[in-house]
$ cat start.cif   # mmCIF, C-alpha atoms
data_upload
loop_
_atom_site.group_PDB
_atom_site.id
_atom_site.type_symbol
_atom_site.label_atom_id
_atom_site.label_comp_id
_atom_site.auth_asym_id
_atom_site.auth_seq_id
_atom_site.Cartn_x
_atom_site.Cartn_y
_atom_site.Cartn_z
ATOM 1 C CA MET A 1155 113.575 94.626 -97.615
ATOM 2 C CA SER A 1156 112.518 97.920 -99.156
ATOM 3 C CA THR A 1157 110.683 100.443 -97.077
ATOM 4 C CA THR A 1158 108.339 103.108 -98.370
ATOM 5 C CA PRO A 1159 107.698 106.164 -96.211
ATOM 6 C CA THR A 1160 104.171 107.497 -96.362
ATOM 7 C CA THR A 1161 103.371 110.871 -97.844
ATOM 8 C CA GLN A 1162 102.009 112.100 -94.496
ATOM 9 C CA THR A 1163 104.468 114.132 -92.508
ATOM 10 C CA GLY A 1164 104.835 115.805 -89.165
ATOM 11 C CA PHE A 1165 103.644 115.566 -85.635
ATOM 12 C CA ASP A 1166 99.911 115.312 -84.898
ATOM 13 C CA PRO A 1167 99.236 115.893 -81.178
ATOM 14 C CA LEU A 1168 95.447 115.952 -81.624
ATOM 15 C CA ALA A 1169 95.507 112.472 -83.165
ATOM 16 C CA GLY A 1170 97.765 111.326 -80.316
ATOM 17 C CA VAL A 1171 95.332 112.603 -77.686
ATOM 18 C CA ALA A 1172 92.393 111.010 -79.516
ATOM 19 C CA ALA A 1173 94.277 107.694 -79.666
ATOM 20 C CA VAL A 1174 94.830 107.857 -75.906
ATOM 21 C CA VAL A 1175 91.144 108.550 -75.288
ATOM 22 C CA PHE A 1176 89.835 105.625 -77.366
ATOM 23 C CA PRO A 1177 91.615 102.936 -79.425
ATOM 24 C CA GLY A 1178 91.447 103.846 -83.117
ATOM 25 C CA ALA A 1179 90.188 107.392 -82.558
ATOM 26 C CA GLY A 1180 93.604 108.824 -83.414
ATOM 27 C CA HIS A 1181 93.464 107.399 -86.912
ATOM 28 C CA LEU A 1182 89.874 108.563 -87.272
ATOM 29 C CA VAL A 1183 91.040 112.108 -86.508
ATOM 30 C CA ARG A 1184 93.667 111.641 -89.227
ATOM 31 C CA ARG A 1185 90.836 110.674 -91.610
ATOM 32 C CA GLU A 1186 91.960 107.077 -91.950
ATOM 33 C CA PRO A 1187 88.665 105.351 -91.071
ATOM 34 C CA ARG A 1188 89.628 101.877 -92.296
ATOM 35 C CA ARG A 1189 92.836 101.910 -90.271
ATOM 36 C CA ALA A 1190 90.879 103.223 -87.265
ATOM 37 C CA VAL A 1191 88.326 100.408 -87.451
ATOM 38 C CA LEU A 1192 91.014 97.721 -87.728
ATOM 39 C CA VAL A 1193 92.973 99.200 -84.827
ATOM 40 C CA ALA A 1194 89.810 99.319 -82.710
ATOM 41 C CA VAL A 1195 88.920 95.722 -83.623
ATOM 42 C CA GLY A 1196 92.383 94.485 -82.664
ATOM 43 C CA ILE A 1197 92.771 96.443 -79.424
ATOM 44 C CA LEU A 1198 89.197 96.122 -78.177
ATOM 45 C CA GLY A 1199 89.094 92.469 -79.269
ATOM 46 C CA LEU A 1200 92.129 91.737 -77.103
ATOM 47 C CA PHE A 1201 90.887 93.841 -74.189
ATOM 48 C CA PHE A 1202 87.357 92.487 -74.057
ATOM 49 C CA GLY A 1203 88.588 89.044 -75.123
ATOM 50 C CA GLY A 1204 90.757 89.032 -72.000
ATOM 51 C CA ILE A 1205 87.769 89.985 -69.849
ATOM 52 C CA PHE A 1206 85.649 87.345 -71.610
ATOM 53 C CA VAL A 1207 88.242 84.642 -70.897
ATOM 54 C CA GLY A 1208 89.202 85.558 -67.334
ATOM 55 C CA GLY A 1209 86.144 87.490 -66.165
ATOM 56 C CA ILE A 1210 86.177 91.030 -64.834
ATOM 57 C CA ASP A 1211 88.722 89.841 -62.252
ATOM 58 C CA VAL A 1212 91.553 90.304 -64.794
ATOM 59 C CA ILE A 1213 91.230 94.122 -64.600
ATOM 60 C CA ASP A 1214 92.271 94.922 -61.066
ATOM 61 C CA SER A 1215 94.365 97.971 -60.196
ATOM 62 C CA ARG A 1216 94.631 96.923 -56.538
ATOM 63 C CA GLU A 1217 95.511 93.226 -56.656
ATOM 64 C CA ASP A 1218 97.293 93.148 -60.044
ATOM 65 C CA ARG A 1219 98.781 96.627 -60.087
ATOM 66 C CA VAL A 1220 101.771 95.894 -62.339
ATOM 67 C CA TRP A 1221 99.548 94.293 -64.968
ATOM 68 C CA PHE A 1222 97.145 97.215 -64.719
ATOM 69 C CA PHE A 1223 99.951 99.599 -65.696
ATOM 70 C CA GLY A 1224 99.961 97.860 -69.085
ATOM 71 C CA GLN A 1225 96.165 97.602 -69.317
ATOM 72 C CA ALA A 1226 95.743 101.302 -68.485
ATOM 73 C CA ILE A 1227 97.280 102.263 -71.850
ATOM 74 C CA VAL A 1228 94.009 101.118 -73.474
ATOM 75 C CA GLY A 1229 92.689 104.421 -72.106
ATOM 76 C CA PRO A 1230 89.733 105.562 -69.993
ATOM 77 C CA LEU A 1231 87.961 102.316 -70.879
ATOM 78 C CA ALA A 1232 90.404 100.340 -68.702
ATOM 79 C CA PHE A 1233 89.905 102.744 -65.802
ATOM 80 C CA GLY A 1234 86.119 102.466 -66.217
ATOM 81 C CA VAL A 1235 86.179 98.674 -66.116
ATOM 82 C CA ASP A 1236 88.495 98.790 -63.105
ATOM 83 C CA TYR A 1237 86.180 101.246 -61.330
ATOM 84 C CA LEU A 1238 83.234 98.965 -62.043
ATOM 85 C CA HIS A 1239 85.161 95.979 -60.708
ATOM 86 C CA GLN A 1240 86.264 97.758 -57.533
ATOM 87 C CA HIS A 1241 82.940 99.439 -56.709
ATOM 88 C CA ARG A 1242 80.238 97.167 -58.120
ATOM 89 C CA PHE A 1243 81.704 93.685 -57.782
ATOM 90 C CA LYS A 1244 84.098 93.670 -54.839
ATOM 91 C CA VAL A 1245 82.798 93.539 -51.282
ATOM 92 C CA VAL A 1246 83.875 95.745 -48.383
ATOM 93 C CA ASP A 1247 85.539 93.515 -45.838
ATOM 94 C CA PRO A 1248 84.033 94.174 -42.373
ATOM 95 C CA ASN A 1249 87.512 93.717 -40.883
ATOM 96 C CA GLY A 1250 89.498 96.738 -41.995
ATOM 97 C CA ARG A 1251 87.021 98.012 -44.640
ATOM 98 C CA ALA A 1252 89.307 96.902 -47.465
ATOM 99 C CA LEU A 1253 87.840 95.922 -50.826
ATOM 100 C CA ARG A 1254 88.176 92.249 -51.738
ATOM 101 C CA THR A 1255 86.621 89.705 -54.067
ATOM 102 C CA ALA A 1256 83.602 87.978 -52.523
ATOM 103 C CA LEU A 1257 84.200 84.436 -51.310
ATOM 104 C CA PRO A 1258 82.344 81.634 -53.139
ATOM 105 C CA ASN A 1259 79.724 81.535 -50.368
ATOM 106 C CA GLU A 1260 79.171 85.296 -50.220
ATOM 107 C CA ALA A 1261 76.836 87.639 -52.089
ATOM 108 C CA ARG A 1262 77.193 91.430 -52.180
ATOM 109 C CA ASN A 1263 74.956 93.785 -50.262
ATOM 110 C CA PRO A 1264 73.850 96.323 -52.914
ATOM 111 C CA VAL A 1265 73.313 99.000 -50.250
ATOM 112 C CA ASP A 1266 76.749 99.196 -48.618
ATOM 113 C CA GLY A 1267 78.836 96.608 -50.470
ATOM 114 C CA SER A 1268 79.298 94.392 -47.439
ATOM 115 C CA PRO A 1269 79.485 90.606 -47.888
ATOM 116 C CA LEU A 1270 76.323 88.587 -47.250
ATOM 117 C CA ALA A 1271 76.479 84.918 -46.252
ATOM 118 C CA ILE A 1272 74.681 82.679 -48.740
ATOM 119 C CA ARG A 1273 72.411 80.086 -47.188
ATOM 120 C CA VAL A 1274 70.410 77.372 -48.906
ATOM 121 C CA ASP A 1275 66.694 77.424 -48.073
ATOM 122 C CA GLN A 1276 64.402 74.416 -47.677
ATOM 123 C CA ASN A 1277 63.789 74.338 -51.459
ATOM 124 C CA GLY A 1278 67.496 74.108 -52.192
ATOM 125 C CA VAL A 1279 67.709 77.705 -53.451
ATOM 126 C CA PRO A 1280 70.766 79.733 -52.330
ATOM 127 C CA THR A 1281 69.553 82.933 -50.676
ATOM 128 C CA ALA A 1282 71.003 85.968 -48.942
ATOM 129 C CA THR A 1283 69.196 88.664 -46.992
ATOM 130 C CA TYR A 1284 69.986 92.295 -46.251
ATOM 131 C CA VAL A 1285 68.202 95.259 -44.727
ATOM 132 C CA ASP A 1286 67.344 98.267 -46.891
ATOM 133 C CA GLY A 1287 65.694 101.169 -45.064
ATOM 134 C CA GLY A 1288 64.267 98.931 -42.328
ATOM 135 C CA LYS A 1289 62.895 96.456 -44.862
ATOM 136 C CA THR A 1290 64.368 92.971 -45.151
ATOM 137 C CA VAL A 1291 65.170 92.029 -48.741
ATOM 138 C CA THR A 1292 65.959 88.485 -49.831
ATOM 139 C CA ILE A 1293 68.093 87.735 -52.905
ATOM 140 C CA ALA A 1294 67.168 84.393 -54.486
ATOM 141 C CA PRO A 1295 69.059 82.817 -56.070
ATOM 142 C CA ALA A 1296 72.015 84.501 -54.417
ATOM 143 C CA ARG A 1297 75.516 84.133 -55.807
ATOM 144 C CA PRO A 1298 78.842 85.911 -55.571
ATOM 145 C CA PRO A 1299 78.980 89.106 -57.676
ATOM 146 C CA ASN A 1300 81.781 87.539 -59.706
ATOM 147 C CA ILE A 1301 83.972 84.447 -59.596
ATOM 148 C CA LYS A 1302 87.715 84.915 -59.259
ATOM 149 C CA SER A 1303 89.591 83.367 -62.155
ATOM 150 C CA LEU A 1304 92.495 81.088 -61.368
ATOM 151 C CA SER A 1305 95.500 79.522 -63.021
ATOM 152 C CA LYS A 1306 95.935 79.637 -66.814
ATOM 153 C CA VAL A 1307 92.534 81.232 -67.449
ATOM 154 C CA ASN A 1308 93.433 84.164 -65.211
ATOM 155 C CA GLU A 1309 96.942 84.424 -66.622
ATOM 156 C CA LEU A 1310 95.752 84.420 -70.234
ATOM 157 C CA GLY A 1311 92.882 86.831 -69.610
ATOM 158 C CA THR A 1312 95.251 89.240 -67.848
ATOM 159 C CA LEU A 1313 97.848 88.831 -70.584
ATOM 160 C CA MET A 1314 95.318 89.531 -73.357
ATOM 161 C CA ALA A 1315 94.113 92.727 -71.689
ATOM 162 C CA THR A 1316 97.700 93.839 -71.062
ATOM 163 C CA LEU A 1317 98.689 93.043 -74.653
ATOM 164 C CA ALA A 1318 95.846 95.325 -75.734
ATOM 165 C CA GLY A 1319 97.403 98.164 -73.740
ATOM 166 C CA MET A 1320 100.939 97.567 -75.005
ATOM 167 C CA LEU A 1321 99.688 97.353 -78.581
ATOM 168 C CA ASN A 1322 97.682 100.554 -78.127
ATOM 169 C CA LEU A 1323 100.941 102.318 -77.250
ATOM 170 C CA ILE A 1324 102.150 101.489 -80.778
ATOM 171 C CA MET A 1325 98.857 102.822 -82.165
ATOM 172 C CA ILE A 1326 99.189 106.062 -80.172
ATOM 173 C CA ILE A 1327 102.740 106.574 -81.461
ATOM 174 C CA ASP A 1328 101.619 105.782 -85.014
ATOM 175 C CA ALA A 1329 98.745 108.271 -84.814
ATOM 176 C CA MET A 1330 101.024 110.930 -83.349
ATOM 177 C CA PHE A 1331 103.979 110.358 -85.696
ATOM 178 C CA PRO A 1332 102.520 108.920 -88.934
ATOM 179 C CA THR A 1333 105.799 109.332 -90.851
ATOM 180 C CA LEU A 1334 107.293 106.414 -88.899
ATOM 181 C CA ARG A 1335 105.047 104.002 -90.798
ATOM 182 C CA ARG A 1336 106.738 101.650 -93.254
ATOM 183 C CA GLU A 1337 105.368 99.140 -95.718
ATOM 184 C CA ASN A 1338 106.014 95.419 -95.248
ATOM 185 C CA ALA A 1339 108.055 96.025 -92.098
ATOM 186 C CA MET B 644 81.042 76.185 -52.107
ATOM 187 C CA HIS B 645 77.381 75.222 -52.083
ATOM 188 C CA ALA B 646 76.627 72.636 -54.745
ATOM 189 C CA GLU B 647 73.596 74.685 -55.771
ATOM 190 C CA LEU B 648 75.826 77.589 -56.795
ATOM 191 C CA LEU B 649 77.710 75.397 -59.247
ATOM 192 C CA THR B 650 74.578 74.918 -61.355
ATOM 193 C CA LEU B 651 74.020 78.655 -61.925
ATOM 194 C CA ALA B 652 74.676 79.920 -65.444
ATOM 195 C CA LEU B 653 77.933 81.439 -66.573
ATOM 196 C CA ARG B 654 77.862 85.229 -66.744
ATOM 197 C CA PRO B 655 79.995 86.292 -69.731
ATOM 198 C CA PHE B 656 82.577 89.030 -68.992
ATOM 199 C CA ILE B 657 81.961 88.594 -65.253
ATOM 200 C CA ASP B 658 82.888 84.975 -64.591
ATOM 201 C CA PRO B 659 85.885 83.205 -66.153
ATOM 202 C CA LEU B 660 85.373 80.740 -68.981
ATOM 203 C CA PRO B 661 85.794 77.050 -68.077
ATOM 204 C CA LEU B 662 88.901 76.646 -70.252
ATOM 205 C CA GLN B 663 91.182 74.827 -67.814
ATOM 206 C CA ARG B 664 91.832 72.015 -70.324
ATOM 207 C CA HIS B 665 91.767 73.947 -73.600
ATOM 208 C CA TRP B 666 93.427 77.231 -72.625
ATOM 209 C CA TRP B 667 96.177 76.679 -75.225
ATOM 210 C CA LEU B 668 93.638 77.157 -78.044
ATOM 211 C CA LEU B 669 93.580 80.858 -77.141
ATOM 212 C CA ILE B 670 96.901 81.240 -78.972
ATOM 213 C CA VAL B 671 94.947 81.506 -82.247
ATOM 214 C CA PRO B 672 92.641 84.459 -81.408
ATOM 215 C CA VAL B 673 95.410 86.246 -79.512
ATOM 216 C CA CYS B 674 97.844 86.030 -82.437
ATOM 217 C CA LEU B 675 95.107 86.961 -84.924
ATOM 218 C CA LEU B 676 94.009 90.059 -82.971
ATOM 219 C CA VAL B 677 97.603 91.199 -82.430
ATOM 220 C CA SER B 678 98.215 90.816 -86.170
ATOM 221 C CA ILE B 679 95.034 92.713 -87.111
ATOM 222 C CA ALA B 680 96.026 95.717 -84.982
ATOM 223 C CA TYR B 681 99.726 95.655 -85.792
ATOM 224 C CA LYS B 682 99.344 95.286 -89.550
ATOM 225 C CA ALA B 683 96.689 98.026 -89.567
ATOM 226 C CA VAL B 684 99.406 100.558 -88.821
ATOM 227 C CA ARG B 685 102.267 98.902 -90.698
ATOM 228 C CA VAL B 686 100.813 98.717 -94.194
ATOM 229 C CA THR B 687 100.570 101.817 -96.363
ATOM 230 C CA GLU B 688 97.779 100.364 -98.493
ATOM 231 C CA PHE B 689 95.235 97.653 -97.737
ATOM 232 C CA LYS B 690 95.509 95.662 -100.946
ATOM 233 C CA ASN B 691 97.139 92.604 -99.329
ATOM 234 C CA TYR B 692 96.167 93.420 -95.763
ATOM 235 C CA TRP B 693 94.373 90.182 -94.825
ATOM 236 C CA LYS B 694 97.027 88.081 -96.518
ATOM 237 C CA GLN B 695 99.658 89.819 -94.403
ATOM 238 C CA VAL B 696 97.543 89.401 -91.267
ATOM 239 C CA LEU B 697 97.227 85.649 -91.847
ATOM 240 C CA ALA B 698 100.951 85.360 -92.600
ATOM 241 C CA MET B 699 101.859 87.189 -89.381
ATOM 242 C CA THR B 700 99.395 85.085 -87.385
ATOM 243 C CA ALA B 701 100.991 81.907 -88.741
ATOM 244 C CA GLN B 702 104.486 83.240 -88.015
ATOM 245 C CA LEU B 703 103.547 84.063 -84.418
ATOM 246 C CA ILE B 704 101.969 80.662 -83.803
ATOM 247 C CA ILE B 705 104.923 78.803 -85.342
ATOM 248 C CA ALA B 706 107.389 80.892 -83.311
ATOM 249 C CA ILE B 707 105.540 80.301 -80.030
ATOM 250 C CA VAL B 708 105.222 76.560 -80.686
ATOM 251 C CA GLY B 709 108.941 76.512 -81.562
ATOM 252 C CA VAL B 710 109.843 78.213 -78.293
ATOM 253 C CA CYS B 711 107.640 75.688 -76.441
ATOM 254 C CA ILE B 712 109.429 72.771 -78.086
ATOM 255 C CA ALA B 713 112.839 74.319 -77.336
ATOM 256 C CA ALA B 714 111.913 74.873 -73.690
ATOM 257 C CA PHE B 715 110.611 71.306 -73.420
ATOM 258 C CA LEU B 716 113.834 69.862 -74.855
ATOM 259 C CA LEU B 717 115.952 72.078 -72.606
ATOM 260 C CA VAL B 718 114.145 71.111 -69.416
ATOM 261 C CA GLN B 719 113.551 67.431 -70.203
ATOM 262 C CA PHE B 720 116.780 66.422 -71.967
ATOM 263 C CA ILE B 721 119.580 69.008 -72.015
ATOM 264 C CA ILE B 722 119.590 70.184 -68.396
ATOM 265 C CA PRO B 723 119.378 66.605 -66.987
ATOM 266 C CA ARG B 724 122.481 65.736 -69.062
ATOM 267 C CA ILE B 725 124.410 68.772 -67.826
ATOM 268 C CA MET B 726 123.304 68.436 -64.209
ATOM 269 C CA PRO B 727 122.160 64.841 -63.573
ATOM 270 C CA ILE B 728 119.921 64.341 -60.560
ATOM 271 C CA ALA B 729 121.736 62.082 -58.091
#

$ encode --input "start.cif" --output "structure tokens"
Amino acid sequence: MSTTPTTQTGFDPLAGVAAVVFPGAGHLVRREPRRAVLVAVGILGLFFGGIFVGGIDVIDSREDRVWFFGQAIVGPLAFGVDYLHQHRFKVVDPNGRALRTALPNEARNPVDGSPLAIRVDQNGVPTATYVDGGKTVTIAPARPPNIKSLSKVNELGTLMATLAGMLNLIMIIDAMFPTLRRENA
Amino acid sequence: MHAELLTLALRPFIDPLPLQRHWWLLIVPVCLLVSIAYKAVRVTEFKNYWKQVLAMTAQLIIAIVGVCIAAFLLVQFIIPRIMPIA
């Protein structure tokens, strides 16, 4: 198979940094907008596709640390989603103050992140109550902040998001060293 | 879990999709998205880009299905012949 080196040469650290910051941005810096859009579609499609399939639970730097190493290569976006998951969806366990996913019968207290027991009222509506500044607030309908994905759905969602990271590594290298590109390889 | 909670709507990107029976269909979008990103940096010009993307997607799917068939044959037929269960 014949290979054709591109006419671009050299090392482009700025494009490499841009590619790390956001998928496709490296190629945009190199003034290759079409390539940048396709890279972004592929990487972000896999990353958000994984979250769509497995829920936000698939991005978890605490419970799935090894997988997160791969997902982190997507860039600050992965860290942002993980931060959101840890601090807006997980509850603070009263025993030990560790963060954990809410149980199916727990809601999240928006004030301090503690778990709230869900009870069903006389109308059949699941409710949870918490105190905010001396005032009792009732959440109705109450539900867990997110549902933990299990089995194949969790595995595939995690895999998709991790694939996005691993693939972005190729994109970062390509943006940084464009002379490595070959046709029909 | 309370039965009432089961009737609440799915929240996309927060809750997992109910794909317990059809999870294997995800092979198509995964292979397609991998091909879109990979071919974006492998081609020097975009003349036959989508053709190459579709070809790579098909190659990936055929390869994965082939590995599945090989693993099935190994576990179901070859290993029981080598090490029969008493």

$ interface_residues --input "start.cif" --of "chain B" --to "chain A" --cutoff "8 Å" --atoms "only C-alpha atoms" --output "CSV table (one decimal) with C-alpha atoms, keeping the file's coordinate frame"
chain,number,residue,atom,x,y,z
B,644,MET,CA,81.0,76.2,-52.1
B,645,HIS,CA,77.4,75.2,-52.1
B,647,GLU,CA,73.6,74.7,-55.8
B,648,LEU,CA,75.8,77.6,-56.8
B,655,PRO,CA,80.0,86.3,-69.7
B,656,PHE,CA,82.6,89.0,-69.0
B,657,ILE,CA,82.0,88.6,-65.3
B,658,ASP,CA,82.9,85.0,-64.6
B,659,PRO,CA,85.9,83.2,-66.2
B,660,LEU,CA,85.4,80.7,-69.0
B,661,PRO,CA,85.8,77.0,-68.1
B,662,LEU,CA,88.9,76.6,-70.3
B,663,GLN,CA,91.2,74.8,-67.8
B,666,TRP,CA,93.4,77.2,-72.6
B,673,VAL,CA,95.4,86.2,-79.5
B,676,LEU,CA,94.0,90.1,-83.0
B,677,VAL,CA,97.6,91.2,-82.4
B,678,SER,CA,98.2,90.8,-86.2
B,679,ILE,CA,95.0,92.7,-87.1
B,680,ALA,CA,96.0,95.7,-85.0
B,681,TYR,CA,99.7,95.7,-85.8
B,683,ALA,CA,96.7,98.0,-89.6
B,684,VAL,CA,99.4,100.6,-88.8
B,685,ARG,CA,102.3,98.9,-90.7
B,686,VAL,CA,100.8,98.7,-94.2
B,687,THR,CA,100.6,101.8,-96.4

$ resolve_selection --input "start.cif" --expression "the PyMOL selection byres ((chain B and resi 674) around 10)" --output "number ranges by chain"
A: 1200; B: 669-673, 675-679, 696-697, 699-704, 707

$ atom_distance --input "start.cif" --atom1 "atom CA of Gln1240 of chain A" --atom2 "atom CA of Ile1213 of chain A"
9.4 Å

$ atom_distance --input "start.cif" --atom1 "atom CA of Leu1168 of chain A" --atom2 "atom CA of Glu688 of chain B"
23.1 Å

$ residues_around --input "start.cif" --residues "Val1285 of chain A" --least-positions-apart "4" --cutoff "12 Å" --atoms "all atoms listed in the file" --output "VMD selection string"
chain A and resid 1263 to 1266 1268 1270 1289 to 1293

$ resolve_selection --input "start.cif" --expression "the PyMOL selection byres ((chain A and resi 1174) around 10)" --output "JSON, numbers by chain"
{"A": [1168, 1169, 1170, 1171, 1172, 1173, 1175, 1176, 1177, 1178, 1179, 1180, 1226, 1227, 1228, 1229, 1230, 1322, 1323, 1325, 1326, 1327, 1329]}

$ atom_distance --input "start.cif" --atom1 "atom CA of Asp1236 of chain A" --atom2 "atom CA of Ala1282 of chain A"
25.9 Å

$ axis_aligned_box --input "start.cif" --around "segment 656-661 of chain B" --padding-each-side "6 Å" --output "JSON"
{"center_x": 83.9, "center_y": 83.0, "center_z": -66.8, "size_x": 15.9, "size_y": 24.0, "size_z": 16.4}
